[in-house]
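**Q** So I've got this file, start.txt, and it contains compact mmCIF, C-alpha atoms:
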```
# COMPACT_ATOMS: atom_id res chain seq x y z
CA MET I 1 4.35 -27.23 8.32
CA VAL I 2 2.42 -24.08 7.47
CA ILE I 3 3.96 -20.63 7.06
CA SER I 4 1.79 -17.55 7.29
CA HIS I 5 2.53 -13.93 6.45
CA GLY I 6 0.19 -11.18 7.57
CA THR I 7 0.26 -7.41 7.14
CA LEU I 8 -1.80 -4.55 8.53
CA THR I 9 -1.41 -0.79 8.94
CA PHE I 10 -2.69 1.28 11.86
CA PRO I 11 -3.58 4.97 11.84
CA ALA I 12 -1.00 7.02 13.76
CA ALA I 13 -3.42 7.77 16.58
CA HIS I 14 -3.57 4.09 17.55
CA LEU I 15 0.09 3.06 17.23
CA GLY I 16 0.76 2.70 20.95
CA THR I 17 -2.35 0.59 21.45
CA ALA I 18 -1.51 -1.45 18.37
CA ARG I 19 2.00 -2.30 19.54
CA THR I 20 0.72 -3.42 22.94
CA MET I 21 -2.16 -5.41 21.49
CA LEU I 22 -0.04 -7.22 18.89
CA SER I 23 2.65 -8.07 21.46
CA GLY I 24 0.01 -9.56 23.74
CA LEU I 25 -1.51 -11.52 20.87
CA ALA I 26 1.90 -12.96 20.01
CA ALA I 27 2.68 -14.10 23.55
CA GLN I 28 -0.76 -15.69 23.87
CA THR I 29 -0.68 -17.39 20.48
CA ARG I 30 2.72 -19.00 21.01
CA SER I 31 1.16 -20.97 23.88
CA GLU I 32 -1.47 -22.52 21.60
CA PRO I 33 -1.23 -26.14 20.36
CA GLY I 34 0.67 -26.51 17.10
CA CYS I 35 2.13 -23.00 17.10
CA LEU I 36 5.82 -23.23 16.20
CA SER I 37 6.48 -19.49 15.90
CA TYR I 38 4.45 -16.28 16.03
CA LEU I 39 6.31 -12.99 15.71
CA VAL I 40 4.87 -9.50 15.39
CA SER I 41 7.09 -6.76 14.00
CA GLU I 42 6.93 -3.23 12.63
CA ASN I 43 8.08 -2.41 9.11
CA LEU I 44 11.28 -0.34 9.29
CA GLU I 45 10.39 1.56 6.14
CA THR I 46 6.76 2.29 7.06
CA PRO I 47 6.09 3.03 10.73
CA GLY I 48 2.58 1.92 11.60
CA ALA I 49 2.77 -1.03 9.17
CA PHE I 50 3.07 -4.34 10.98
CA ILE I 51 3.99 -7.85 9.91
CA ILE I 52 2.77 -11.07 11.53
CA SER I 53 5.08 -14.02 10.81
CA GLU I 54 3.65 -17.39 11.80
CA GLN I 55 4.70 -21.02 11.64
CA TRP I 56 2.27 -23.84 12.52
CA GLU I 57 2.59 -27.60 12.62
CA ASN I 58 -0.29 -27.91 10.16
CA MET I 59 -3.27 -26.04 8.72
CA GLU I 60 -5.67 -27.59 11.24
CA ALA I 61 -3.74 -26.00 14.12
CA MET I 62 -3.79 -22.63 12.41
CA GLN I 63 -7.51 -22.87 11.66
CA THR I 64 -8.19 -23.79 15.29
CA HIS I 65 -6.30 -20.66 16.31
CA LEU I 66 -8.28 -18.53 13.87
CA SER I 67 -11.57 -19.84 15.24
CA LEU I 68 -10.79 -18.79 18.83
CA PRO I 69 -13.06 -16.04 20.22
CA GLY I 70 -10.01 -13.92 21.13
CA VAL I 71 -8.84 -13.86 17.53
CA GLY I 72 -12.21 -12.73 16.23
CA GLU I 73 -12.23 -10.08 18.95
CA ALA I 74 -8.74 -8.90 17.90
CA VAL I 75 -9.86 -8.57 14.28
CA LYS I 76 -12.89 -6.57 15.44
CA GLN I 77 -10.67 -4.31 17.56
CA VAL I 78 -8.20 -3.53 14.79
CA THR I 79 -11.06 -2.80 12.41
CA GLU I 80 -12.52 -0.39 14.94
CA MET I 81 -9.10 1.30 15.17
CA GLY I 82 -9.30 2.03 11.44
CA VAL I 83 -7.27 -0.86 9.98
CA ASP I 84 -8.69 -1.58 6.52
CA ASP I 85 -5.81 -3.48 4.87
CA LEU I 86 -5.43 -6.64 6.96
CA THR I 87 -4.15 -9.52 4.86
CA ILE I 88 -3.09 -13.00 5.94
CA THR I 89 -1.88 -15.70 3.56
CA ALA I 90 -0.74 -19.17 4.61
CA TRP I 91 1.28 -21.67 2.57
CA GLU I 92 2.00 -25.33 3.01
CA ALA I 93 5.79 -25.36 3.37
CA GLY I 94 7.67 -27.54 0.91
CA GLN I 95 11.37 -28.30 0.83
CA ALA I 96 13.36 -26.14 3.27
CA THR I 97 16.78 -24.69 2.55
CA LYS I 98 18.84 -23.41 5.45
CA ILE I 99 20.64 -20.42 3.93
CA MET I 100 22.42 -19.23 7.08
CA MET E 1 7.47 -19.43 -5.27
CA VAL E 2 9.97 -19.33 -2.43
CA ILE E 3 9.30 -17.85 1.02
CA SER E 4 12.19 -16.91 3.26
CA HIS E 5 12.27 -15.95 6.92
CA GLY E 6 15.37 -14.39 8.44
CA THR E 7 16.18 -13.18 11.93
CA LEU E 8 19.08 -11.28 13.47
CA THR E 9 19.72 -9.25 16.63
CA PHE E 10 21.91 -6.15 16.87
CA PRO E 11 23.68 -4.84 19.98
CA ALA E 12 22.01 -1.67 21.28
CA ALA E 13 24.95 0.50 20.24
CA HIS E 14 24.32 -0.23 16.57
CA LEU E 15 20.52 -0.04 16.38
CA GLY E 16 20.37 3.23 14.45
CA THR E 17 22.88 2.01 11.89
CA ALA E 18 21.10 -1.32 11.68
CA ARG E 19 17.71 0.21 10.93
CA THR E 20 19.17 2.40 8.19
CA MET E 21 21.20 -0.42 6.67
CA LEU E 22 18.33 -2.92 6.62
CA SER E 23 15.94 -0.35 5.10
CA GLY E 24 18.45 0.35 2.34
CA LEU E 25 18.96 -3.35 1.72
CA ALA E 26 15.20 -3.86 1.40
CA ALA E 27 14.72 -1.04 -1.12
CA GLN E 28 17.65 -2.30 -3.20
CA THR E 29 16.62 -5.95 -3.08
CA ARG E 30 13.05 -5.31 -4.22
CA SER E 31 14.49 -4.02 -7.51
CA GLU E 32 16.26 -7.32 -8.21
CA PRO E 33 14.93 -9.85 -10.75
CA GLY E 34 12.53 -12.38 -9.28
CA CYS E 35 12.02 -10.54 -6.00
CA LEU E 36 8.30 -10.50 -5.20
CA SER E 37 8.56 -9.03 -1.71
CA TYR E 38 11.31 -8.08 0.74
CA LEU E 39 10.31 -6.52 4.04
CA VAL E 40 12.52 -5.70 7.02
CA SER E 41 10.88 -5.21 10.39
CA GLU E 42 11.69 -4.96 14.08
CA ASN E 43 10.26 -7.40 16.60
CA LEU E 44 7.74 -5.59 18.81
CA GLU E 45 8.58 -7.76 21.79
CA THR E 46 12.38 -7.55 21.43
CA PRO E 47 13.77 -4.19 20.28
CA GLY E 48 16.99 -4.79 18.37
CA ALA E 49 15.70 -8.09 16.97
CA PHE E 50 14.86 -7.83 13.27
CA ILE E 51 12.94 -10.01 10.85
CA ILE E 52 13.54 -10.26 7.11
CA SER E 53 10.48 -11.54 5.22
CA GLU E 54 11.16 -12.44 1.60
CA GLN E 55 9.22 -13.84 -1.36
CA TRP E 56 10.97 -14.87 -4.58
CA GLU E 57 9.73 -16.27 -7.86
CA ASN E 58 12.01 -19.27 -7.42
CA MET E 59 15.11 -20.50 -5.60
CA GLU E 60 17.39 -19.53 -8.49
CA ALA E 61 16.41 -15.87 -8.14
CA MET E 62 17.04 -15.97 -4.41
CA GLN E 63 20.41 -17.66 -4.86
CA THR E 64 21.39 -15.03 -7.45
CA HIS E 65 20.52 -12.37 -4.89
CA LEU E 66 22.58 -14.10 -2.21
CA SER E 67 25.60 -14.27 -4.51
CA LEU E 68 25.68 -10.51 -5.12
CA PRO E 69 28.75 -8.72 -3.71
CA GLY E 70 26.53 -6.27 -1.82
CA VAL E 71 24.86 -9.09 0.08
CA GLY E 72 28.19 -10.57 1.15
CA GLU E 73 29.28 -7.10 2.21
CA ALA E 74 26.08 -6.66 4.26
CA VAL E 75 26.67 -9.97 6.06
CA LYS E 76 30.24 -8.88 6.79
CA GLN E 77 29.01 -5.52 8.13
CA VAL E 78 26.43 -6.99 10.48
CA THR E 79 28.98 -9.49 11.78
CA GLU E 80 31.36 -6.62 12.49
CA MET E 81 28.55 -4.87 14.39
CA GLY E 82 28.34 -7.87 16.71
CA VAL E 83 25.46 -9.84 15.18
CA ASP E 84 26.09 -13.52 15.91
CA ASP E 85 22.63 -15.03 15.49
CA LEU E 86 21.79 -14.43 11.82
CA THR E 87 19.50 -17.16 10.48
CA ILE E 88 17.79 -17.41 7.10
CA THR E 89 15.59 -20.31 6.04
CA ALA E 90 13.80 -20.57 2.70
CA TRP E 91 10.93 -22.88 1.77
CA GLU E 92 9.38 -23.86 -1.50
CA ALA E 93 5.81 -22.59 -1.13
CA GLY E 94 3.08 -25.18 -1.60
CA GLN E 95 -0.65 -24.63 -1.64
CA ALA E 96 -1.63 -21.11 -0.60
CA THR E 97 -4.65 -20.28 1.54
CA LYS E 98 -5.86 -16.69 1.64
CA ILE E 99 -7.06 -16.32 5.22
CA MET E 100 -7.95 -12.62 5.05
```
Go ahead and express the file in the form of structure tokens.
**A**
Amino acid sequence: MVISHGTLTFPAAHLGTARTMLSGLAAQTRSEPGCLSYLVSENLETPGAFIISEQWENMEAMQTHLSLPGVGEAVKQVTEMGVDDLTITAWEAGQATKIM
Amino acid sequence: MVISHGTLTFPAAHLGTARTMLSGLAAQTRSEPGCLSYLVSENLETPGAFIISEQWENMEAMQTHLSLPGVGEAVKQVTEMGVDDLTITAWEAGQATKIM
């Protein structure tokens, strides 16, 4: 399994558009092959800062997702809205511990 | 490194308290030994559903955190507010891929 953690911050003027766009991206992505979880959320301490929490069956599935035209278009759109801090890191998940 | 993903949902009546409590927990936890990142966020698609995204140097540091009295108290508080779906899973992080 692959776990991915992404962060990005939108200028205040685009927050409404950002929330709608990210929600749509999440719903769409969860329907893609190999996607186990894809959640978009807003940082409680920093309004306008968003977190993308992903789980994929494997890195191939995630890379297939990233190569979709819609994903490239989304990256282009957020850049045009002034996002300049987009980061996404993925890890191969090792041993899992269920805490609660 | 250890990556942890937690989720919990608060009843609408407690959302204000929940947001304040989780923000305080995040600020406190980031000061603890071995904590690399601790972000609390609200699911864009499901208001009242929160995500806790954690990164720790190792499982020992995370377990030390979990054993602190304040953490037990926080779990007790959210339970008393009606949260009945708290989940936390931690994984040993394997190979990292910087996507963006």
**Q** Kindly determine which residues of chain E lie within 7 Å of chain I, considering only C-alpha atoms, and give the answer as a list of chain:residue names.
**A** E:Arg19, E:Ser23, E:Leu39, E:Val40, E:Ser41, E:Glu42, E:Asn43, E:Leu44, E:Glu45, E:Leu86, E:Thr87, E:Ile88, E:Thr89, E:Ala90, E:Trp91, E:Glu92, E:Ala93, E:Gly94, E:Gln95, E:Ala96, E:Thr97, E:Lys98, E:Ile99, E:Met100
**Q** Point out the residue among I:Ala13, I:Cys35, I:Leu8, I:Met21 with the least atom-to-atom distance to Ala61 in chain I, counting all atoms listed in the file.
**A** I:Cys35
**Q** By how many Å are CA of Met1 in chain E and CA of Ser31 in chain E apart?
**A**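 Answer for the CA of Met1 in chain E to CA of Ser31 in chain E separation: 17.1 Å.
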**Q** Which is closer to Leu25 in chain I than all the others in I:Val71, I:Thr64, I:Gly82, I:Lys76, using all atoms listed in the file?
**A** I:Val71
**Q** Looking at all atoms listed in the file, which of I:Pro33, I:Gly70, I:Gln77, I:Thr9 is the one that sits closest to Asn58 in chain I?
**A**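 Answer, going by the shortest atom-to-atom distance: I:Pro33.
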**Q** Within 8 Å of Val78 in chain E, counting only C-alpha atoms, which residues show up once you throw out same-chain ones fewer than 4 positions away? Write them as a PDB file with C-alpha atoms, keeping the file's coordinate frame, please.
**A**
```
ATOM      1  CA  PHE E  10      21.910  -6.150  16.870  1.00  0.00           C
ATOM      2  CA  ALA E  18      21.100  -1.320  11.680  1.00  0.00           C
ATOM      3  CA  ALA E  74      26.080  -6.660   4.260  1.00  0.00           C
ATOM      4  CA  GLY E  82      28.340  -7.870  16.710  1.00  0.00           C
ATOM      5  CA  VAL E  83      25.460  -9.840  15.180  1.00  0.00           C
TER       6      VAL E  83
END
```
**Q** State, in Å with one decimal place, the distance from CA of Glu73 in chain I to CA of Tyr38 in chain I.
**A**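 Straight-line distance from CA of Glu73 in chain I to CA of Tyr38 in chain I works out to 18.0 Å.
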**Q** Rounded to one decimal place, report the CA of Met81 in chain I-CA of Thr17 in chain I distance in Å.
**A** 9.2 Å
